[in-house]
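Scroll down for the structure; my scribbles are underneath it.
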2 protein chains.
Amino acid sequence: MTVPLHYLGPQGSFTHQAALEASRLIDDAGECVAEPNVTAIFDAVGERRGWGVIAWENNVEGYVVPNLDALIDADDVAGFARIGVDISFDALVRHDHTELTAICAHPHGLAQCTGFIADRNLAVRPTASNAAACRDITDTQIALAPSVCADIYGLDVMARSVQDFSGGRTEFLVLAPRDDVRDQLDRIRKTDDRDFESIVAFILLNTGPGVLANLLDVLRYAGLNMTSFISRPIKGNAGTYSFIATFDAAPWQPQFKAALRQVLTHGDWVKTLAVYPRRERPNPPVSAWMLPQGGIHIDDATTRNDDHESDRELLWK
Amino acid sequence: MTVPLHYLGPQGSFTHQAALEASRLIDDAGECVAEPNVTAIFDAVGERRGWGVIAWENNVEGYVVPNLDALIDADDVAGFARIGVDISFDALVRHDHTELTAICAHPHGLAQCTGFIADRNLAVRPTASNAAACRDITDTQIALAPSVCADIYGLDVMARSVQDFSGGRTEFLVLAPRDDVRDQLDRIRKTDDRDFESIVAFILLNTGPGVLANLLDVLRYAGLNMTSFISRPIKGNAGTYSFIATFDAAPWQPQFKAALRQVLTHGDWVKTLAVYPRRERPNPPVSAWMLPQGGIHIDDATTRNDDHESDRELLWK
């Protein structure tokens, strides 16, 4: 028997595309079930009616913070797989279309395909979702939507990847009750020789200057490679913070486990949010040519080191 | 002569509300000028046609990452004021309205006022922006929009603050060429005995485990209080990261300046993104009752310390 995957609907959203991909990649995952909001996804997982798929991070917009906060707050829910989806819009039309005079999509979709719209001099019709644009399309309209929508709504592909910029990508987490997460991870550990990544949330109960550096010292002495780190206000408690870190390691590795134990012994709060097989990621050295405009960098042989330049860039005078 | 403030239009956006507030608070700030996108705002500041107002951080959605990336990349632009705006929607109608049967707003606005819509059984009409909803309103429609829109579009307020949840707040930065930033900060330092906050971007050119902890050690030894910290991929260079930190201090304070100099001497890249008068913020101690559900915390006297519990919450077995 397979486990249903609950995702943020409507059908044909990018999250639906991620859920279909998860269903293909994970043996026990079955049908995809659209939910009206993220709370309903966490409820479905918490009540053991299935697993969930939530957007986690986008390479342009950053973390999907409401989902991150929901996972920190959730009881007995964790992630065990991470799925990436390229953000790409196809221009879809009805098979019986006549002259095409208007274009429909969620305002985000419209904003990402301005070149395509301007070239064709189309009237713009915002919709509540890209899927709604496909569902309600007339014979004079073009809908902008993820490629999965052509099949779902029986539309023809007029043009593929019509967004202004390519390279947009959103990462999703597949969520399950924590027992299921351990079963899934055990199975991978038994059959494959895979490396893992982990996302861990920390709340430091002893506050004051240096507490964050102390935490990071513990993690450094454990030799852990951290690939992302952010602070987040604790919901409803202004002035208090949690820290969310992503590591190139699994929490059962001895040095990682020892580091977590040390943080706990110190009296702080720890929760593992997700453990999943390691993704291939480039790890290039940073070179001076990659640096943003402005700023100060002392190895730079040009005029960057003069006092005027550093006063301007650092505002430290 | 006053300096125009360029903000992300259309008129009546939350950014417009922030720009009006900035214009009221900052002596030299003058008229508010709507721009079609954030690039146009940075262009206006870079070409010395005025100052800019950009959304920076929201207490629900987190950082406005595209704006953060744009400020890191911008040449000769920095922030010198931080303005908070409560995210609140009013229900606006035409003075000559008849029976009200539909409600119009950007899909984000519609999603934040579901209770108000459901209570009145209204048909939902998504628009490209909340301002567009006000501009194009018919006599049977209600528009959901920031309160500033009633005046701008000559509409009557049917109900105030109709959003499902209150407490949403977005913080904005006021941007200027760096010379102007220094002039503005000098003036505040001369006339008021104000504390300051700073936002600084770091790129570590020597990579490897522990580099981040090394950076934070330098900041800790300087006694600096950090209120926010995030890592961000460097745009167009997958696998490389910048770190953005917010401090309760000004970069001209001797210990902060010494810490920045030490980071520079180490060969890393530094850029001050903004310096502005300190906001009042609560700074409560974290207590166990504030903690999210689940997770592990050793001082907790209940069953939290048993092996089963920690195995489940940390996934470390």
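Residue numbering restarts at 1 in every chain; chains get A, B, ... in the order shown in the structure tokens, and ligands count up from 1 in that same order.
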6 Å contact set for Ala128 (chain A), only C-alpha atoms, chain neighbours under 4 positions out, as a CSV table (one decimal) with all heavy atoms, in the first residue's frame:
```csv
chain,number,residue,atom,x,y,z
A,106,HIS,N,-1.3,34.0,-12.4
A,106,HIS,CA,-1.1,34.6,-11.1
A,106,HIS,C,-0.2,35.8,-11.3
A,106,HIS,O,0.7,35.8,-12.2
A,106,HIS,CB,-0.5,33.6,-10.1
A,106,HIS,CG,-0.4,34.2,-8.7
A,106,HIS,ND1,0.7,35.0,-8.3
A,106,HIS,CD2,-1.1,34.0,-7.6
A,106,HIS,CE1,0.5,35.3,-7.0
A,106,HIS,NE2,-0.6,34.7,-6.6
B,107,PRO,N,-3.9,38.6,-5.2
B,107,PRO,CA,-4.2,37.4,-4.5
B,107,PRO,C,-3.6,37.3,-3.1
B,107,PRO,O,-4.2,36.7,-2.2
B,107,PRO,CB,-3.5,36.3,-5.4
B,107,PRO,CG,-3.6,36.9,-6.8
B,107,PRO,CD,-3.4,38.4,-6.6
B,126,PRO,N,-9.4,38.5,-8.4
B,126,PRO,CA,-8.0,38.9,-8.3
B,126,PRO,C,-7.6,40.0,-9.2
B,126,PRO,O,-8.1,40.1,-10.3
B,126,PRO,CB,-7.2,37.6,-8.6
B,126,PRO,CG,-8.2,36.7,-9.2
B,126,PRO,CD,-9.6,37.2,-9.0
```
Counting only C-alpha atoms, which residues of chain A sit at most 6 Å from some atom of chain B, and what is each one's closest atom pair with its distance in Å to one decimal, listed by chain and rising residue number, as JSON lines?
```
{"residue": "A:Glu61", "atom": "CA", "partner": "B:Val65", "partner_atom": "CA", "distance": 5.2}
{"residue": "A:Gly62", "atom": "CA", "partner": "B:Val65", "partner_atom": "CA", "distance": 5.9}
{"residue": "A:Val65", "atom": "CA", "partner": "B:Glu61", "partner_atom": "CA", "distance": 5.2}
{"residue": "A:Asp73", "atom": "CA", "partner": "B:Pro292", "partner_atom": "CA", "distance": 4.8}
{"residue": "A:Asp75", "atom": "CA", "partner": "B:Gln293", "partner_atom": "CA", "distance": 5.3}
{"residue": "A:Pro107", "atom": "CA", "partner": "B:Ala128", "partner_atom": "CA", "distance": 5.6}
{"residue": "A:Pro126", "atom": "CA", "partner": "B:Thr127", "partner_atom": "CA", "distance": 5.6}
{"residue": "A:Thr127", "atom": "CA", "partner": "B:Pro126", "partner_atom": "CA", "distance": 5.6}
{"residue": "A:Ala128", "atom": "CA", "partner": "B:Pro107", "partner_atom": "CA", "distance": 5.6}
{"residue": "A:Leu205", "atom": "CA", "partner": "B:Val286", "partner_atom": "CA", "distance": 5.4}
{"residue": "A:Pro209", "atom": "CA", "partner": "B:Asn225", "partner_atom": "CA", "distance": 5.4}
{"residue": "A:Gly210", "atom": "CA", "partner": "B:Arg220", "partner_atom": "CA", "distance": 5.0}
{"residue": "A:Ala213", "atom": "CA", "partner": "B:Leu216", "partner_atom": "CA", "distance": 5.4}
{"residue": "A:Leu216", "atom": "CA", "partner": "B:Ala213", "partner_atom": "CA", "distance": 5.4}
{"residue": "A:Asp217", "atom": "CA", "partner": "B:Ala213", "partner_atom": "CA", "distance": 5.8}
{"residue": "A:Arg220", "atom": "CA", "partner": "B:Gly210", "partner_atom": "CA", "distance": 4.9}
{"residue": "A:Asn225", "atom": "CA", "partner": "B:Pro209", "partner_atom": "CA", "distance": 5.4}
{"residue": "A:Ser228", "atom": "CA", "partner": "B:Ser231", "partner_atom": "CA", "distance": 5.8}
{"residue": "A:Phe229", "atom": "CA", "partner": "B:Ser231", "partner_atom": "CA", "distance": 5.5}
{"residue": "A:Ile230", "atom": "CA", "partner": "B:Ile230", "partner_atom": "CA", "distance": 4.0}
{"residue": "A:Ser231", "atom": "CA", "partner": "B:Phe229", "partner_atom": "CA", "distance": 5.5}
{"residue": "A:Gly239", "atom": "CA", "partner": "B:Asn283", "partner_atom": "CA", "distance": 4.8}
{"residue": "A:Pro251", "atom": "CA", "partner": "B:Trp316", "partner_atom": "CA", "distance": 4.5}
{"residue": "A:Trp252", "atom": "CA", "partner": "B:Trp316", "partner_atom": "CA", "distance": 4.1}
{"residue": "A:Gly267", "atom": "CA", "partner": "B:Ile298", "partner_atom": "CA", "distance": 5.9}
{"residue": "A:Trp269", "atom": "CA", "partner": "B:His297", "partner_atom": "CA", "distance": 4.6}
{"residue": "A:Val270", "atom": "CA", "partner": "B:Ile296", "partner_atom": "CA", "distance": 5.3}
{"residue": "A:Lys271", "atom": "CA", "partner": "B:Gly295", "partner_atom": "CA", "distance": 4.2}
{"residue": "A:Thr272", "atom": "CA", "partner": "B:Leu314", "partner_atom": "CA", "distance": 4.7}
{"residue": "A:Pro282", "atom": "CA", "partner": "B:Gly239", "partner_atom": "CA", "distance": 5.3}
{"residue": "A:Asn283", "atom": "CA", "partner": "B:Gly239", "partner_atom": "CA", "distance": 4.9}
{"residue": "A:Val286", "atom": "CA", "partner": "B:Leu205", "partner_atom": "CA", "distance": 5.4}
{"residue": "A:Pro292", "atom": "CA", "partner": "B:Asp73", "partner_atom": "CA", "distance": 4.8}
{"residue": "A:Gln293", "atom": "CA", "partner": "B:Asp75", "partner_atom": "CA", "distance": 5.3}
{"residue": "A:Gly294", "atom": "CA", "partner": "B:Asp75", "partner_atom": "CA", "distance": 5.4}
{"residue": "A:Gly295", "atom": "CA", "partner": "B:Lys271", "partner_atom": "CA", "distance": 4.2}
{"residue": "A:Ile296", "atom": "CA", "partner": "B:Val270", "partner_atom": "CA", "distance": 5.3}
{"residue": "A:His297", "atom": "CA", "partner": "B:Trp269", "partner_atom": "CA", "distance": 4.6}
{"residue": "A:Ile298", "atom": "CA", "partner": "B:Gly267", "partner_atom": "CA", "distance": 5.8}
{"residue": "A:Glu313", "atom": "CA", "partner": "B:Lys271", "partner_atom": "CA", "distance": 5.7}
{"residue": "A:Leu314", "atom": "CA", "partner": "B:Thr272", "partner_atom": "CA", "distance": 4.7}
{"residue": "A:Trp316", "atom": "CA", "partner": "B:Trp252", "partner_atom": "CA", "distance": 4.1}
{"residue": "A:Lys317", "atom": "CA", "partner": "B:Trp252", "partner_atom": "CA", "distance": 5.1}
```
Spatial neighbours of region 83-99 of chain A, 7 Å, only C-alpha atoms, chain gap at least 6 places, as a short mmCIF file (atom, residue, chain, number, x, y, z; two decimals) with N, CA and C atoms, in the first residue's frame:
```cif
data_model
loop_
_atom_site.label_atom_id
_atom_site.label_comp_id
_atom_site.auth_asym_id
_atom_site.auth_seq_id
_atom_site.Cartn_x
_atom_site.Cartn_y
_atom_site.Cartn_z
N ALA A 18 6.48 19.13 -7.75
CA ALA A 18 7.42 18.51 -6.80
C ALA A 18 6.84 17.23 -6.21
N ALA A 22 8.36 13.52 -6.31
CA ALA A 22 8.57 12.74 -5.08
C ALA A 22 7.90 11.38 -5.20
N ASP A 139 -11.11 30.87 -25.49
CA ASP A 139 -10.44 30.53 -26.76
C ASP A 139 -9.60 31.69 -27.30
N THR A 140 -9.62 32.87 -26.64
CA THR A 140 -8.76 33.98 -27.07
C THR A 140 -7.61 34.21 -26.09
N GLN A 141 -7.46 33.31 -25.13
CA GLN A 141 -6.48 33.55 -24.06
C GLN A 141 -5.32 32.56 -24.08
N ILE A 142 -4.17 33.05 -23.58
CA ILE A 142 -3.00 32.22 -23.30
C ILE A 142 -2.88 32.13 -21.79
N ALA A 143 -2.61 30.93 -21.25
CA ALA A 143 -2.34 30.77 -19.82
C ALA A 143 -0.84 30.53 -19.63
N LEU A 144 -0.26 31.16 -18.60
CA LEU A 144 1.14 30.90 -18.22
C LEU A 144 1.12 29.98 -17.02
N ALA A 145 1.82 28.83 -17.11
CA ALA A 145 1.71 27.86 -16.02
C ALA A 145 2.85 26.85 -16.10
N PRO A 146 3.11 26.10 -15.00
CA PRO A 146 4.11 25.03 -15.03
C PRO A 146 3.75 24.00 -16.10
N SER A 147 4.74 23.35 -16.65
CA SER A 147 4.52 22.44 -17.79
C SER A 147 3.52 21.33 -17.46
N ALA A 150 -0.32 21.39 -18.83
CA ALA A 150 -0.81 21.05 -20.17
C ALA A 150 -1.61 19.74 -20.10
N LEU A 155 -4.50 21.15 -22.33
CA LEU A 155 -4.19 22.31 -23.17
C LEU A 155 -3.01 22.01 -24.10
N ASP A 156 -2.90 22.79 -25.16
CA ASP A 156 -1.76 22.67 -26.07
C ASP A 156 -0.63 23.59 -25.62
N VAL A 157 0.61 23.14 -25.85
CA VAL A 157 1.76 23.98 -25.53
C VAL A 157 2.05 24.88 -26.72
N MET A 158 1.89 26.20 -26.54
CA MET A 158 2.18 27.16 -27.59
C MET A 158 3.68 27.47 -27.61
N ALA A 159 4.29 27.59 -26.41
CA ALA A 159 5.73 27.85 -26.31
C ALA A 159 6.20 27.37 -24.94
N ARG A 160 7.42 26.86 -24.88
CA ARG A 160 7.96 26.37 -23.61
C ARG A 160 8.90 27.41 -22.98
N SER A 161 9.01 27.40 -21.65
CA SER A 161 9.99 28.22 -20.91
C SER A 161 10.01 29.67 -21.38
N VAL A 162 8.88 30.34 -21.22
CA VAL A 162 8.75 31.71 -21.72
C VAL A 162 9.09 32.75 -20.65
N GLN A 163 9.65 32.32 -19.51
CA GLN A 163 9.99 33.28 -18.44
C GLN A 163 11.17 34.15 -18.88
N GLY A 168 15.77 29.90 -12.26
CA GLY A 168 14.99 29.90 -11.03
C GLY A 168 14.71 28.47 -10.59
N ARG A 169 14.83 28.19 -9.31
CA ARG A 169 14.67 26.82 -8.82
C ARG A 169 14.13 26.86 -7.40
N THR A 170 13.15 26.02 -7.11
CA THR A 170 12.62 25.92 -5.76
C THR A 170 12.88 24.51 -5.23
N GLU A 171 13.32 24.44 -3.97
CA GLU A 171 13.57 23.16 -3.31
C GLU A 171 12.40 22.86 -2.37
N PHE A 172 11.98 21.61 -2.36
CA PHE A 172 10.84 21.18 -1.54
C PHE A 172 11.31 20.10 -0.56
N LEU A 173 10.65 20.01 0.60
CA LEU A 173 10.89 18.92 1.54
C LEU A 173 9.69 17.98 1.54
#
```
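Between Ile54 (chain B) and the residues B:Val3, B:Val174, B:Gly30, B:Phe196, the shortest atom-to-atom distance, using only C-alpha atoms, involves B:Val174.
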**Message:** Based on the backbone DSSP call, show me all residues of region 185-277 of chain B assigned alpha helix (DSSP H), as number ranges by chain.
**Reply:** B: 185-191, 211-221, 254-265
**Request:** Looking only at strand (DSSP E) from DSSP on the backbone, list the matching residues of region 92-257 of chain A as a ChimeraX atom specification.
**Result:** /A:92-93,102-105,123-126,141-145,156-159,169-177,196-203,226-233,241-247
**Asked** In Å, with one decimal, what is the gap from CA of Arg135 (chain A) to CA of Asp119 (chain A)?
**Response**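 A separation of 24.6 Å between them.
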**Message:** What's the separation between CA of Ile41 (chain A) and CA of His308 (chain B), in Å to one decimal place?
**Reply:**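 Taking CA of Ile41 (chain A) and CA of His308 (chain B), their separation equals 25.8 Å.
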**Prompt:** What is the CA of Glu35 (chain A)-CA of Ala132 (chain A) distance in Å, reported with one decimal?
**Reply:**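 Atom-to-atom, CA of Glu35 (chain A) to CA of Ala132 (chain A), that is 14.9 Å.
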